Amino acid sequence: MERRKVLFTAVEALTGDGERDALAAALLAVEAREGERRGWDREPTLWALHLPAMDVGVIELRVVPSRRWRGSEDRNPADVLAGWGLRQPAPDSAPARRVADAPDGFAGIAFMYEAWSVPDAALDEAMEQSRAAGERLFHERDDRIEVRQIVAVDINGNGYLVVRRRGAGPVLTVTDALEPHHRIELSGDLIDPLHRLVDAVRVGAVHLG
């Protein structure tokens, strides 16, 4: 499995939890290097996230081969990944786990891909149209905007979303697994499937290599 290391700094106190804040900072650094620096129109990428030492400021990305999660399917990659995740059992309700105690520093899973969005003022309307049609219709709109997204879930089910619209800076959203409605709308409903996949990897039921 290919491994890449990304340095990160400027950890902000966003959640009140040092590990979650470090992971949020790390994902911003990952989008800047693996996304913005490499440019647009790239294939989607799935990573296992490892934080072997919280105070070092380094996250290790282990690239999951496309054949492992996508195979030969030509459907929307996010839908393929969601289908894989939803085939895994629902995670248990165990107490929060510390990344520092996880084997090999396994912190979660992240998926980077490009998609279409719309201006904020039109988002509610576009989401309602998509729900009514049963599929995403953003690509059919004249006001569509190209975006790059990193959707990630940590070992406790907390969600992270980094969105960069073409020509703009990144926007980070962090959600709490304890909130009853913690999914992030723009993530393509990937939070729950990724949480299942993370838990399956954690207990050894799924191997990403």
# chains A, B, ... in the order shown; residues from 1 in each chain; ligands from 1
$ residues_around --residues "A:Asp21" --least-positions-apart "6" --cutoff "9 Å" --atoms "only C-alpha atoms" --output "list of chain:residue names"
A:Val11, A:Glu12, A:Ala13, A:Leu14, A:Thr15
$ residues_around --residues "A:Glu2" --least-positions-apart "5" --cutoff "12 Å" --atoms "only C-alpha atoms" --output "ChimeraX atom specification"
/A:45-48,60-66,208-209
$ select_by_dssp --residues "chain A" --states "alpha helix (DSSP H)" --output "PyMOL selection string"
chain A and resi 18-30+66-69+77-86+120-133+191-202
$ atom_distance --atom1 "atom CA of A:Ile155" --atom2 "atom CA of A:Arg42"
27.2 Å
